[in-house]
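**Student:** Supplied structure: run16.cif, mmCIF, C-alpha atoms and all ligand atoms.
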data_coords
#
loop_
_atom_site.label_atom_id
_atom_site.label_comp_id
_atom_site.auth_asym_id
_atom_site.auth_seq_id
_atom_site.Cartn_x
_atom_site.Cartn_y
_atom_site.Cartn_z
CA MET A 8 -6.62 -23.70 50.25
CA ASN A 9 -2.89 -23.36 50.75
CA PRO A 10 -0.74 -23.92 47.71
CA SER A 11 1.34 -27.04 48.09
CA PRO A 12 4.86 -26.15 49.25
CA ASP A 13 7.86 -26.66 47.01
CA PRO A 14 9.31 -30.09 47.66
CA LEU A 15 12.51 -30.09 49.71
CA PRO A 16 15.63 -30.82 47.66
CA THR A 17 16.74 -34.41 48.01
CA THR A 18 20.45 -33.85 47.26
CA PRO A 19 22.90 -31.02 47.88
CA ASN A 20 22.96 -28.53 45.05
CA PRO A 21 26.00 -29.40 42.89
CA ALA A 22 26.01 -25.92 41.38
CA ILE A 23 26.97 -24.39 44.73
CA ALA A 24 30.59 -24.79 45.73
CA ALA A 25 31.24 -25.76 49.32
CA SER A 26 34.41 -25.83 51.34
CA TYR A 27 34.89 -26.98 54.89
CA ARG A 28 37.14 -26.22 57.76
CA VAL A 29 37.32 -26.80 61.46
CA ARG A 30 38.23 -24.13 63.96
CA LEU A 31 39.67 -24.80 67.38
CA ALA A 32 40.46 -22.27 70.07
CA LYS A 33 40.96 -24.41 73.13
CA GLU A 34 42.00 -23.31 76.58
CA GLN A 35 44.77 -25.89 76.32
CA PHE A 36 46.33 -23.89 73.49
CA VAL A 37 47.25 -21.01 75.80
CA PHE A 38 50.96 -20.88 76.43
CA CYS A 39 52.92 -18.50 78.62
CA ALA A 40 56.26 -17.41 77.26
CA ALA A 41 58.83 -14.65 77.42
CA HIS A 42 60.23 -12.83 74.41
CA PHE A 43 61.40 -9.53 73.05
CA ILE A 44 61.27 -8.22 69.53
CA THR A 45 63.01 -5.48 67.63
CA TYR A 46 61.24 -2.98 65.44
CA ALA A 47 61.91 0.25 63.58
CA GLY A 48 65.42 -0.92 62.82
CA ASP A 49 67.20 -0.75 66.13
CA VAL A 50 64.54 -0.55 68.83
CA CYS A 51 64.69 -3.62 71.04
CA GLU A 52 61.97 -4.33 73.57
CA PRO A 53 62.83 -5.33 77.13
CA LEU A 54 62.24 -8.96 77.97
CA HIS A 55 58.59 -9.53 78.85
CA GLY A 56 55.94 -12.22 78.70
CA HIS A 57 52.54 -12.99 77.23
CA ASN A 58 49.78 -15.50 77.75
CA TYR A 59 49.59 -16.40 74.09
CA ARG A 60 46.24 -17.69 72.83
CA VAL A 61 46.29 -19.85 69.75
CA GLU A 62 43.43 -20.56 67.40
CA VAL A 63 43.70 -22.83 64.40
CA GLN A 64 41.53 -23.38 61.38
CA VAL A 65 42.13 -26.43 59.25
CA GLU A 66 40.69 -26.66 55.76
CA GLY A 67 40.26 -29.77 53.70
CA PRO A 68 37.78 -32.05 52.01
CA LEU A 69 35.34 -34.07 54.04
CA ASP A 70 36.48 -37.62 54.66
CA GLU A 71 34.39 -40.78 54.91
CA ASN A 72 33.14 -39.55 58.29
CA HIS A 73 31.89 -36.35 56.67
CA TYR A 74 34.29 -34.23 58.65
CA VAL A 75 37.54 -32.49 57.77
CA LEU A 76 39.48 -33.97 60.66
CA ASP A 77 38.78 -35.41 64.06
CA PHE A 78 38.64 -32.46 66.45
CA ILE A 79 40.53 -34.43 69.09
CA ALA A 80 43.35 -35.24 66.69
CA VAL A 81 43.71 -31.56 65.80
CA ARG A 82 43.53 -30.56 69.44
CA ASP A 83 46.27 -33.00 70.39
CA ALA A 84 48.49 -31.94 67.49
CA VAL A 85 48.21 -28.25 68.40
CA GLN A 86 48.65 -28.88 72.09
CA LYS A 87 51.84 -30.83 71.48
CA ILE A 88 53.26 -27.79 69.70
CA THR A 89 52.09 -25.18 72.21
CA LEU A 90 53.25 -27.25 75.19
CA GLY A 91 56.74 -27.08 73.75
CA LEU A 92 56.58 -23.29 73.96
CA ASP A 93 54.96 -23.02 77.37
CA HIS A 94 57.05 -21.49 80.18
CA ARG A 95 59.95 -20.84 77.86
CA VAL A 96 61.93 -17.93 76.55
CA LEU A 97 61.37 -17.69 72.80
CA LEU A 98 64.46 -16.63 70.91
CA PRO A 99 64.85 -16.04 67.16
CA THR A 100 67.88 -17.64 65.51
CA LEU A 101 67.45 -15.83 62.17
CA HIS A 102 67.33 -12.30 63.51
CA PRO A 103 69.85 -10.11 61.70
CA GLN A 104 70.93 -8.28 64.86
CA ILE A 105 70.06 -10.50 67.81
CA ARG A 106 72.80 -13.08 68.10
CA VAL A 107 71.77 -16.29 69.80
CA ALA A 108 74.44 -18.77 70.84
CA ALA A 109 73.87 -21.95 72.81
CA ASP A 110 76.25 -24.32 74.51
CA GLN A 111 75.45 -27.42 76.56
CA ARG A 112 74.12 -25.41 79.50
CA GLU A 113 73.23 -21.89 78.52
CA VAL A 114 71.91 -19.66 75.79
CA THR A 115 73.36 -16.22 75.33
CA ALA A 116 71.50 -13.62 73.33
CA THR A 117 73.07 -10.30 72.47
CA PHE A 118 71.77 -7.18 70.83
CA GLU A 119 74.17 -4.26 70.52
CA ASP A 120 75.49 -3.77 74.07
CA ARG A 121 72.76 -5.80 75.77
CA ARG A 122 73.18 -9.41 76.79
CA TRP A 123 70.81 -12.02 78.19
CA VAL A 124 71.87 -15.42 79.51
CA PHE A 125 69.34 -18.19 80.16
CA PRO A 126 69.51 -21.86 81.08
CA LEU A 127 69.30 -23.86 77.87
CA SER A 128 66.30 -25.82 79.15
CA ASP A 129 64.34 -22.60 79.66
CA CYS A 130 64.64 -21.58 76.00
CA VAL A 131 63.19 -22.47 72.65
CA LEU A 132 65.36 -21.42 69.74
CA LEU A 133 63.11 -20.74 66.78
CA PRO A 134 64.36 -20.43 63.19
CA ILE A 135 62.49 -17.19 62.62
CA ALA A 136 63.63 -13.60 62.12
CA ASN A 137 61.71 -12.02 65.00
CA THR A 138 59.36 -13.47 67.59
CA THR A 139 56.34 -11.50 66.39
CA ALA A 140 52.88 -13.02 66.72
CA GLU A 141 52.79 -13.38 62.93
CA LEU A 142 56.00 -15.38 62.72
CA LEU A 143 55.07 -17.47 65.75
CA ALA A 144 51.80 -18.24 63.94
CA ARG A 145 53.74 -19.33 60.88
CA TRP A 146 56.08 -21.52 62.90
CA ILE A 147 53.16 -23.19 64.68
CA GLY A 148 51.31 -23.61 61.37
CA GLU A 149 54.25 -25.32 59.70
CA ARG A 150 54.58 -27.75 62.60
CA LEU A 151 50.85 -28.41 62.43
CA LEU A 152 50.89 -29.10 58.69
CA GLU A 153 53.66 -31.64 59.31
CA SER A 154 51.49 -33.57 61.74
CA ILE A 155 48.00 -33.58 60.20
CA HIS A 156 46.53 -34.14 56.75
CA ALA A 157 45.07 -30.88 55.53
CA CYS A 158 45.04 -28.65 52.47
CA SER A 159 45.72 -25.56 54.50
CA VAL A 160 45.84 -24.23 58.00
CA GLU A 161 45.34 -20.79 59.42
CA VAL A 162 46.92 -20.06 62.77
CA SER A 163 46.11 -17.04 64.92
CA VAL A 164 48.34 -16.04 67.79
CA ASP A 165 46.83 -13.53 70.19
CA GLU A 166 49.56 -12.09 72.33
CA CYS A 167 47.55 -9.55 74.29
CA ASP A 168 43.76 -9.82 74.46
CA GLY A 169 42.87 -8.92 70.92
CA GLN A 170 46.24 -8.29 69.29
CA VAL A 171 46.42 -11.14 66.89
CA GLY A 172 48.95 -12.22 64.28
CA VAL A 173 47.55 -14.58 61.66
CA CYS A 174 49.29 -16.82 59.14
CA ARG A 175 47.62 -19.00 56.55
CA LEU A 176 49.69 -21.80 55.04
CA SER A 177 48.78 -24.04 52.13
CA HIS A 178 50.45 -27.01 50.57
CA PRO A 179 51.49 -26.23 46.99
CA ARG A 180 48.95 -27.72 44.60
ZN ZN A 201 55.61 -9.06 73.41
#
Spit out the file's structure as structure tokens when you get a sec.

**Tutor:**
Amino acid sequence: MNPSPDPLPTTPNPAIAASYRVRLAKEQFVFCAAHFITYAGDVCEPLHGHNYRVEVQVEGPLDENHYVLDFIAVRDAVQKITLGLDHRVLLPTLHPQIRVAADQREVTATFEDRRWVFPLSDCVLLPIANTTAELLARWIGERLLESIHACSVEVSVDECDGQVGVCRLSHPR
């Protein structure tokens, strides 16, 4: 005769801590943008573009629906941010050597003896020090935290099929 099986637990085990998050990596989060960064002090890349892929993870307690957040609400919030970057030139306004100046019509960026001029409507001026994937992830994450209720977000920005900058942001407790 088989021994009787252990009864199934009737409640979650309170001794085991659980945390929850949702992860979204939608096709709609891809944005195409131009940029250039500097590195190693005074090396400045030529202008080029990427099809940036964004993934977000949002952590928080479960609500009355037993989910962290509505997937569609997160999707829409991220897409609103990435759409604002799509088909634009991304320029850093806090870079110590790249000077970015805008007037009503045009943006002029200069680095040493190089100069780029773009229509203002083609550009997004970002208050970051360099348009690296990491700092783009942070900028996107801060915008996301402003628009959804969450304890923390983690944003990944893949700029080239597997080269990913990641930033995790949390509200101070
Ligand atoms: Zn690049």

**Student:** Which neighbours of A:His94 fall inside 12 Å, counting only C-alpha atoms, when residues of the same chain fewer than 4 positions from it are skipped, and could you give them as a ChimeraX atom specification?

**Tutor:** /A:37-42,56-59,89-90,128-131

**Student:** Between A:Asp83, A:His73, A:Val171, A:Asp13, single out the one closest to A:Lys33, counting all atoms listed in the file.

**Tutor:**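 Closest to A:Lys33 of all the choices is A:Asp83.
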
**Student:** Enclose all atoms of stretch 87-99 of chain A listed in the file in an axis-aligned box, grow every side by 4 Å, and hand back centre and edge lengths in Å to one decimal, as lines of an AutoDock Vina configuration file.

**Tutor:**
center_x = 58.3
center_y = -23.4
center_z = 73.7
size_x = 21.0
size_y = 22.8
size_z = 21.0

**Student:** Mind pulling up the distance from atom CA of A:Val65 to atom CA of A:Thr18?

**Tutor:** 25.9 Å

**Student:** Considering all atoms listed in the file, state which residue in the set A:Leu97, A:Ile44, A:Ala25, A:Cys51 is at the smallest distance from ligand ZN 201 (chain A).

**Tutor:** A:Ile44

**Student:** Counting only C-alpha atoms and all ligand atoms, which of A:Thr139, A:Ser154, A:Asn20, A:Gln86 gets nearest to ligand ZN 201 (chain A)?

**Tutor:**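 That would be A:Thr139, the residue with the smallest distance to ligand ZN 201 (chain A).
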
**Student:** My list of candidates is A:Glu113, A:Asp70, A:Asp93, A:Glu166. Which is closest to ligand ZN 201 (chain A) when distances are computed with only C-alpha atoms and all ligand atoms?

**Tutor:**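 Nearest candidate to ligand ZN 201 (chain A) out of A:Glu113, A:Asp70, A:Asp93, A:Glu166: A:Glu166.
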
**Student:** So, with only C-alpha atoms and all ligand atoms as the atoms that count, which of A:Pro53, A:Pro10, A:Gly91, A:Pro134 lies closest to ligand ZN 201 (chain A)?

**Tutor:**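 Closest candidate: A:Pro53.
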
**Student:** Taking into account only C-alpha atoms, which residue in the set A:Arg28, A:His102, A:Arg112, A:Arg175 is nearest to A:Ala144?

**Tutor:**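 Closest residue, counting only C-alpha atoms: A:Arg175.
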
**Student:** Quick one: residues within 9 Å of A:Gly67, all atoms listed in the file, excluding same-chain residues fewer than 4 positions away - as a list in words?

**Tutor:** Ser26, Tyr27, Arg28, Val29, Tyr74, Val75, Leu76, His156, Ala157, Cys158, Ser159 and Val160 of chain A

**Student:** Can you tell me, as a ChimeraX atom specification, what residues are no more than 10 Å from A:Ala109 when counting all atoms listed in the file, ignoring any on the same chain fewer than 3 positions away?

**Tutor:** /A:112-116,124-127,130,132

**Student:** What is the distance, in Å and to one decimal place, between atom CA of A:Pro99 and atom ZN of ligand ZN 201 (chain A)?

**Tutor:**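 If I compute the distance from atom CA of A:Pro99 to atom ZN of ligand ZN 201 (chain A), I get 13.2 Å.
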
**Student:** For A:Arg30, work out the shell of residues within 10 Å, counting all atoms listed in the file and skipping chain neighbours fewer than 3 positions away, then give it as a list in words.

**Tutor:**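 Listing them by chain and then by number gives Lys33, Glu62, Val63, Gln64, Val65, Glu66, Phe78, Val81, Arg82, Val160, Glu161 and Val162 of chain A.
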
**Student:** Once you have the residues from the selection above, write them out as a compact mmCIF listing (two decimals), in the coordinates of the input, restricted to C-alpha atoms.

**Tutor:**
# COMPACT_ATOMS: atom_id res chain seq x y z
CA LYS A 33 40.96 -24.41 73.13
CA GLU A 62 43.43 -20.56 67.40
CA VAL A 63 43.70 -22.83 64.40
CA GLN A 64 41.53 -23.38 61.38
CA VAL A 65 42.13 -26.43 59.25
CA GLU A 66 40.69 -26.66 55.76
CA PHE A 78 38.64 -32.46 66.45
CA VAL A 81 43.71 -31.56 65.80
CA ARG A 82 43.53 -30.56 69.44
CA VAL A 160 45.84 -24.23 58.00
CA GLU A 161 45.34 -20.79 59.42
CA VAL A 162 46.92 -20.06 62.77

**Student:** Give me the residues near A:Arg122 as a VMD selection string, where near means some atom within 10 Å (using only C-alpha atoms) and where sequence neighbours in that chain fewer than 4 positions away do not count.

**Tutor:** chain A and resid 105 to 107 115 to 118

**Student:** Please measure the separation of atom CA of A:Ala136 and atom CA of A:Leu101, giving the value in Å to one decimal.

**Tutor:**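 Atom CA of A:Ala136 sits 4.4 Å away from atom CA of A:Leu101.
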
**Student:** Restore N, CA and C atoms in stretch 112-148 of chain A and list the result as a compact mmCIF listing (two decimals), in the coordinates of the input.

**Tutor:**
# COMPACT_ATOMS: atom_id res chain seq x y z
N ARG A 112 74.84 -25.84 78.30
CA ARG A 112 74.12 -25.41 79.50
C ARG A 112 73.29 -24.15 79.32
N GLU A 113 73.82 -23.22 78.52
CA GLU A 113 73.23 -21.89 78.52
C GLU A 113 73.03 -21.35 77.10
N VAL A 114 72.12 -20.40 77.03
CA VAL A 114 71.91 -19.66 75.79
C VAL A 114 72.25 -18.20 76.07
N THR A 115 73.03 -17.63 75.21
CA THR A 115 73.36 -16.22 75.33
C THR A 115 72.81 -15.48 74.12
N ALA A 116 72.02 -14.47 74.40
CA ALA A 116 71.50 -13.62 73.33
C ALA A 116 72.10 -12.23 73.49
N THR A 117 72.51 -11.65 72.39
CA THR A 117 73.07 -10.30 72.47
C THR A 117 72.43 -9.42 71.40
N PHE A 118 72.24 -8.19 71.78
CA PHE A 118 71.77 -7.18 70.83
C PHE A 118 72.50 -5.89 71.18
N GLU A 119 73.31 -5.43 70.27
CA GLU A 119 74.17 -4.26 70.52
C GLU A 119 74.90 -4.48 71.85
N ASP A 120 74.72 -3.57 72.83
CA ASP A 120 75.49 -3.77 74.07
C ASP A 120 74.69 -4.48 75.15
N ARG A 121 73.56 -5.06 74.77
CA ARG A 121 72.76 -5.80 75.77
C ARG A 121 73.00 -7.29 75.64
N ARG A 122 72.87 -7.99 76.77
CA ARG A 122 73.18 -9.41 76.79
C ARG A 122 72.26 -10.11 77.79
N TRP A 123 71.69 -11.21 77.34
CA TRP A 123 70.81 -12.02 78.19
C TRP A 123 71.37 -13.44 78.22
N VAL A 124 71.40 -14.04 79.40
CA VAL A 124 71.87 -15.42 79.51
C VAL A 124 70.79 -16.24 80.22
N PHE A 125 70.40 -17.34 79.60
CA PHE A 125 69.34 -18.19 80.16
C PHE A 125 69.82 -19.64 80.22
N PRO A 126 69.26 -20.41 81.15
CA PRO A 126 69.51 -21.86 81.08
C PRO A 126 68.98 -22.41 79.76
N LEU A 127 69.71 -23.31 79.17
CA LEU A 127 69.30 -23.86 77.87
C LEU A 127 67.90 -24.47 77.94
N SER A 128 67.59 -25.13 79.05
CA SER A 128 66.30 -25.82 79.15
C SER A 128 65.13 -24.85 79.29
N ASP A 129 65.41 -23.59 79.56
CA ASP A 129 64.34 -22.60 79.66
C ASP A 129 64.00 -21.96 78.31
N CYS A 130 64.76 -22.30 77.27
CA CYS A 130 64.64 -21.58 76.00
C CYS A 130 64.12 -22.48 74.89
N VAL A 131 63.46 -21.84 73.93
CA VAL A 131 63.19 -22.47 72.65
C VAL A 131 63.81 -21.59 71.58
N LEU A 132 64.70 -22.16 70.81
CA LEU A 132 65.36 -21.42 69.74
C LEU A 132 64.58 -21.66 68.45
N LEU A 133 64.00 -20.61 67.93
CA LEU A 133 63.11 -20.74 66.78
C LEU A 133 63.79 -20.18 65.53
N PRO A 134 63.76 -20.92 64.43
CA PRO A 134 64.36 -20.43 63.19
C PRO A 134 63.46 -19.41 62.50
N ILE A 135 63.30 -18.28 63.16
CA ILE A 135 62.49 -17.19 62.62
C ILE A 135 63.27 -15.89 62.81
N ALA A 136 62.86 -14.83 62.13
CA ALA A 136 63.63 -13.60 62.12
C ALA A 136 63.28 -12.65 63.26
N ASN A 137 62.13 -12.88 63.90
CA ASN A 137 61.71 -12.02 65.00
C ASN A 137 60.55 -12.76 65.65
N THR A 138 60.43 -12.69 66.96
CA THR A 138 59.36 -13.47 67.59
C THR A 138 58.05 -12.66 67.64
N THR A 139 57.64 -12.17 66.48
CA THR A 139 56.34 -11.50 66.39
C THR A 139 55.23 -12.55 66.41
N ALA A 140 54.03 -12.10 66.72
CA ALA A 140 52.88 -13.02 66.72
C ALA A 140 52.70 -13.65 65.34
N GLU A 141 52.96 -12.87 64.29
CA GLU A 141 52.79 -13.38 62.93
C GLU A 141 53.75 -14.53 62.64
N LEU A 142 55.02 -14.33 63.02
CA LEU A 142 56.00 -15.38 62.72
C LEU A 142 55.86 -16.58 63.66
N LEU A 143 55.38 -16.33 64.87
CA LEU A 143 55.07 -17.47 65.75
C LEU A 143 53.91 -18.27 65.15
N ALA A 144 52.92 -17.56 64.58
CA ALA A 144 51.80 -18.24 63.94
C ALA A 144 52.29 -19.09 62.77
N ARG A 145 53.22 -18.56 62.01
CA ARG A 145 53.74 -19.33 60.88
C ARG A 145 54.49 -20.58 61.37
N TRP A 146 55.31 -20.39 62.39
CA TRP A 146 56.08 -21.52 62.90
C TRP A 146 55.15 -22.61 63.42
N ILE A 147 54.13 -22.22 64.17
CA ILE A 147 53.16 -23.19 64.68
C ILE A 147 52.42 -23.86 63.52
N GLY A 148 52.05 -23.07 62.52
CA GLY A 148 51.31 -23.61 61.37
C GLY A 148 52.13 -24.63 60.59
